[in-house]
Amino acid sequence: MSTNRKSLTSVNPLVETRDVIALKEKTGNLYESIAVISRRANQVSVNMKEELHRKLDEFTVHGDNLEEVHENKEQIEISRIYERMANAPLQAITEFNEDQTYYRKK
């Protein structure tokens, strides 16, 4: 796991209510804060998907043997790790609240 991935596993995977006023105070506008979080969530989602596919590609068998479908324990464990992680919007909100998200106004 990368160092960034280790910090993201500490994010609570359960949905919680958020203080809207605190989100608004970061940028001065609630909708702008939500737009920043949304863009970051898309980035996190794409990164997680690419990383998962890279790890799972190591286990792919490039053959025409349809009869042999075997389960790889390491592959299942990798999938379970990603299933237990908080989803991308929750990670983006946590990063935003902890001032780890860089954004700028045009």
# chains A, B, ... in the order shown; residues from 1 in each chain; ligands from 1
call {"tool": "closest_atom_pairs", "arguments": {"of": "region 14-69 of chain A", "to": "region 87-91 of chain A", "cutoff": "9 Å", "atoms": "only C-alpha atoms", "output": "CSV"}}
result
residue,atom,partner,partner_atom,distance
A:Leu14,CA,A:Leu90,CA,8.4
A:Val15,CA,A:Leu90,CA,7.5
A:Ile37,CA,A:Pro89,CA,7.2
A:Ser38,CA,A:Pro89,CA,7.0
A:Arg40,CA,A:Pro89,CA,7.9
A:Ala41,CA,A:Pro89,CA,4.8
A:Asn42,CA,A:Ala88,CA,7.2
A:Gln43,CA,A:Ala88,CA,8.4
A:Val44,CA,A:Ala88,CA,5.6
A:Ser45,CA,A:Ala88,CA,5.3
A:Met48,CA,A:Ala88,CA,8.4
call {"tool": "write_last_selection", "arguments": {"atoms": "C-alpha atoms", "output": "short mmCIF file (atom, residue, chain, number, x, y, z; two decimals), in the first residue's frame"}}
result
data_model
loop_
_atom_site.label_atom_id
_atom_site.label_comp_id
_atom_site.auth_asym_id
_atom_site.auth_seq_id
_atom_site.Cartn_x
_atom_site.Cartn_y
_atom_site.Cartn_z
CA LEU A 14 -19.85 4.95 7.62
CA VAL A 15 -21.93 7.85 6.43
CA ILE A 37 -15.31 17.91 -2.88
CA SER A 38 -17.01 16.45 -5.94
CA ARG A 40 -11.67 15.49 -5.58
CA ALA A 41 -14.01 12.50 -5.17
CA ASN A 42 -13.80 11.88 -8.93
CA GLN A 43 -10.00 12.00 -8.76
CA VAL A 44 -9.90 9.58 -5.82
CA SER A 45 -12.32 7.22 -7.54
CA MET A 48 -8.54 3.75 -6.72
#
call {"tool": "atom_distance", "arguments": {"atom1": "CA of Leu52 (chain A)", "atom2": "CA of Ile93 (chain A)"}}
result
21.6 Å
call {"tool": "closest_residue", "arguments": {"among": "A:Ile21, A:Val36, A:Ile76, A:Ile81", "to": "Tyr102 (chain A)", "atoms": "only C-alpha atoms"}}
result
A:Val36
call {"tool": "residues_around", "arguments": {"residues": "Ser33 (chain A)", "least_positions_apart": "3", "cutoff": "12 Å", "atoms": "only C-alpha atoms", "output": "VMD selection string"}}
result
chain A and resid 20 to 30 36 to 40 92 to 93 96 to 97 99 101 to 105
call {"tool": "write_last_selection", "arguments": {"atoms": "C-alpha atoms", "output": "compact mmCIF listing (two decimals), in the first residue's frame"}}
result
# COMPACT_ATOMS: atom_id res chain seq x y z
CA VAL A 20 -22.86 22.45 6.46
CA ILE A 21 -21.70 25.69 8.04
CA ALA A 22 -18.18 24.29 8.51
CA LEU A 23 -18.11 23.26 4.83
CA LYS A 24 -19.24 26.74 3.82
CA GLU A 25 -16.54 28.46 5.91
CA LYS A 26 -13.71 26.80 3.98
CA THR A 27 -14.51 28.53 0.67
CA GLY A 28 -17.13 31.09 1.62
CA ASN A 29 -19.77 29.36 -0.47
CA LEU A 30 -21.46 26.02 0.25
CA VAL A 36 -14.41 21.07 -4.81
CA ILE A 37 -15.31 17.91 -2.88
CA SER A 38 -17.01 16.45 -5.94
CA ARG A 39 -13.99 17.02 -8.17
CA ARG A 40 -11.67 15.49 -5.58
CA ALA A 92 -12.84 13.56 -0.34
CA ILE A 93 -14.92 15.11 2.46
CA PHE A 96 -11.42 18.69 2.62
CA ASN A 97 -12.22 18.98 6.32
CA ASP A 99 -7.33 20.93 4.80
CA THR A 101 -7.28 19.39 -0.54
CA TYR A 102 -5.67 22.06 -2.68
CA TYR A 103 -8.04 24.19 -4.72
CA ARG A 104 -7.93 27.62 -6.26
CA LYS A 105 -10.41 30.08 -7.69
call {"tool": "atom_distance", "arguments": {"atom1": "CA of Lys106 (chain A)", "atom2": "CA of Ile34 (chain A)"}}
result
16.3 Å
call {"tool": "residues_around", "arguments": {"residues": "region 53-59 of chain A", "least_positions_apart": "2", "cutoff": "8 Å", "atoms": "only C-alpha atoms", "output": "list in words"}}
result
Lys49, Glu50, Glu51, Val61, Asn72, Gln75 and Ile78 of chain A
call {"tool": "atom_distance", "arguments": {"atom1": "CA of Val46 (chain A)", "atom2": "CA of Asn12 (chain A)"}}
result
19.9 Å
call {"tool": "decode", "arguments": {"residues": "region 13-102 of chain A", "atoms": "C-alpha atoms", "output": "mmCIF file, in the first residue's frame"}}
result
data_model
loop_
_atom_site.group_PDB
_atom_site.id
_atom_site.type_symbol
_atom_site.label_atom_id
_atom_site.label_comp_id
_atom_site.auth_asym_id
_atom_site.auth_seq_id
_atom_site.Cartn_x
_atom_site.Cartn_y
_atom_site.Cartn_z
ATOM 1 C CA PRO A 13 -16.498 4.134 6.005
ATOM 2 C CA LEU A 14 -19.855 4.946 7.621
ATOM 3 C CA VAL A 15 -21.935 7.853 6.427
ATOM 4 C CA GLU A 16 -22.284 10.637 8.986
ATOM 5 C CA THR A 17 -24.113 13.940 9.006
ATOM 6 C CA ARG A 18 -21.847 16.859 8.195
ATOM 7 C CA ASP A 19 -21.817 20.401 9.477
ATOM 8 C CA VAL A 20 -22.859 22.447 6.465
ATOM 9 C CA ILE A 21 -21.700 25.694 8.036
ATOM 10 C CA ALA A 22 -18.184 24.295 8.505
ATOM 11 C CA LEU A 23 -18.105 23.261 4.830
ATOM 12 C CA LYS A 24 -19.236 26.740 3.821
ATOM 13 C CA GLU A 25 -16.540 28.464 5.910
ATOM 14 C CA LYS A 26 -13.706 26.800 3.982
ATOM 15 C CA THR A 27 -14.507 28.532 0.671
ATOM 16 C CA GLY A 28 -17.128 31.089 1.615
ATOM 17 C CA ASN A 29 -19.773 29.358 -0.474
ATOM 18 C CA LEU A 30 -21.456 26.019 0.253
ATOM 19 C CA TYR A 31 -21.907 25.112 -3.411
ATOM 20 C CA GLU A 32 -18.301 25.896 -4.200
ATOM 21 C CA SER A 33 -17.208 23.628 -1.346
ATOM 22 C CA ILE A 34 -19.408 20.845 -2.680
ATOM 23 C CA ALA A 35 -17.970 21.338 -6.175
ATOM 24 C CA VAL A 36 -14.410 21.074 -4.814
ATOM 25 C CA ILE A 37 -15.311 17.911 -2.880
ATOM 26 C CA SER A 38 -17.015 16.448 -5.944
ATOM 27 C CA ARG A 39 -13.987 17.016 -8.174
ATOM 28 C CA ARG A 40 -11.671 15.493 -5.576
ATOM 29 C CA ALA A 41 -14.012 12.497 -5.174
ATOM 30 C CA ASN A 42 -13.805 11.880 -8.926
ATOM 31 C CA GLN A 43 -10.003 11.998 -8.763
ATOM 32 C CA VAL A 44 -9.900 9.585 -5.815
ATOM 33 C CA SER A 45 -12.321 7.223 -7.540
ATOM 34 C CA VAL A 46 -10.262 7.108 -10.738
ATOM 35 C CA ASN A 47 -7.027 6.559 -8.787
ATOM 36 C CA MET A 48 -8.540 3.750 -6.719
ATOM 37 C CA LYS A 49 -9.939 2.061 -9.820
ATOM 38 C CA GLU A 50 -6.619 2.252 -11.669
ATOM 39 C CA GLU A 51 -4.708 0.939 -8.657
ATOM 40 C CA LEU A 52 -7.130 -1.955 -8.182
ATOM 41 C CA HIS A 53 -6.959 -2.923 -11.856
ATOM 42 C CA ARG A 54 -3.161 -2.773 -11.800
ATOM 43 C CA LYS A 55 -3.058 -5.129 -8.826
ATOM 44 C CA LEU A 56 -5.633 -7.512 -10.280
ATOM 45 C CA ASP A 57 -3.961 -7.603 -13.704
ATOM 46 C CA GLU A 58 -1.103 -9.540 -12.115
ATOM 47 C CA PHE A 59 -3.476 -12.461 -11.646
ATOM 48 C CA THR A 60 -5.070 -12.554 -15.090
ATOM 49 C CA VAL A 61 -4.493 -15.626 -17.211
ATOM 50 C CA HIS A 62 -4.338 -14.937 -20.913
ATOM 51 C CA GLY A 63 -5.548 -18.240 -22.222
ATOM 52 C CA ASP A 64 -8.599 -19.687 -23.942
ATOM 53 C CA ASN A 65 -9.270 -22.215 -21.220
ATOM 54 C CA LEU A 66 -12.872 -21.575 -20.160
ATOM 55 C CA GLU A 67 -13.132 -24.765 -18.134
ATOM 56 C CA GLU A 68 -10.472 -23.765 -15.627
ATOM 57 C CA VAL A 69 -11.731 -20.948 -13.477
ATOM 58 C CA HIS A 70 -9.860 -20.965 -10.231
ATOM 59 C CA GLU A 71 -9.966 -18.575 -7.349
ATOM 60 C CA ASN A 72 -6.790 -16.973 -6.184
ATOM 61 C CA LYS A 73 -6.728 -16.221 -2.458
ATOM 62 C CA GLU A 74 -4.487 -13.181 -2.911
ATOM 63 C CA GLN A 75 -6.820 -11.758 -5.537
ATOM 64 C CA ILE A 76 -9.816 -12.226 -3.239
ATOM 65 C CA GLU A 77 -7.962 -10.557 -0.367
ATOM 66 C CA ILE A 78 -7.067 -7.537 -2.510
ATOM 67 C CA SER A 79 -10.707 -7.189 -3.530
ATOM 68 C CA ARG A 80 -11.831 -7.382 0.100
ATOM 69 C CA ILE A 81 -9.385 -4.654 1.127
ATOM 70 C CA TYR A 82 -10.836 -2.306 -1.483
ATOM 71 C CA GLU A 83 -14.394 -3.212 -0.494
ATOM 72 C CA ARG A 84 -13.677 -2.268 3.136
ATOM 73 C CA MET A 85 -12.278 1.132 2.195
ATOM 74 C CA ALA A 86 -14.459 4.193 2.488
ATOM 75 C CA ASN A 87 -15.893 5.295 -0.817
ATOM 76 C CA ALA A 88 -14.409 8.198 -2.744
ATOM 77 C CA PRO A 89 -16.845 10.940 -1.618
ATOM 78 C CA LEU A 90 -16.261 10.127 2.056
ATOM 79 C CA GLN A 91 -12.508 10.249 1.516
ATOM 80 C CA ALA A 92 -12.835 13.562 -0.340
ATOM 81 C CA ILE A 93 -14.917 15.108 2.463
ATOM 82 C CA THR A 94 -12.399 13.966 5.056
ATOM 83 C CA GLU A 95 -9.502 15.437 3.063
ATOM 84 C CA PHE A 96 -11.419 18.691 2.616
ATOM 85 C CA ASN A 97 -12.225 18.983 6.321
ATOM 86 C CA GLU A 98 -8.596 18.297 7.280
ATOM 87 C CA ASP A 99 -7.325 20.927 4.796
ATOM 88 C CA GLN A 100 -5.522 18.337 2.671
ATOM 89 C CA THR A 101 -7.281 19.390 -0.535
ATOM 90 C CA TYR A 102 -5.668 22.061 -2.682
#
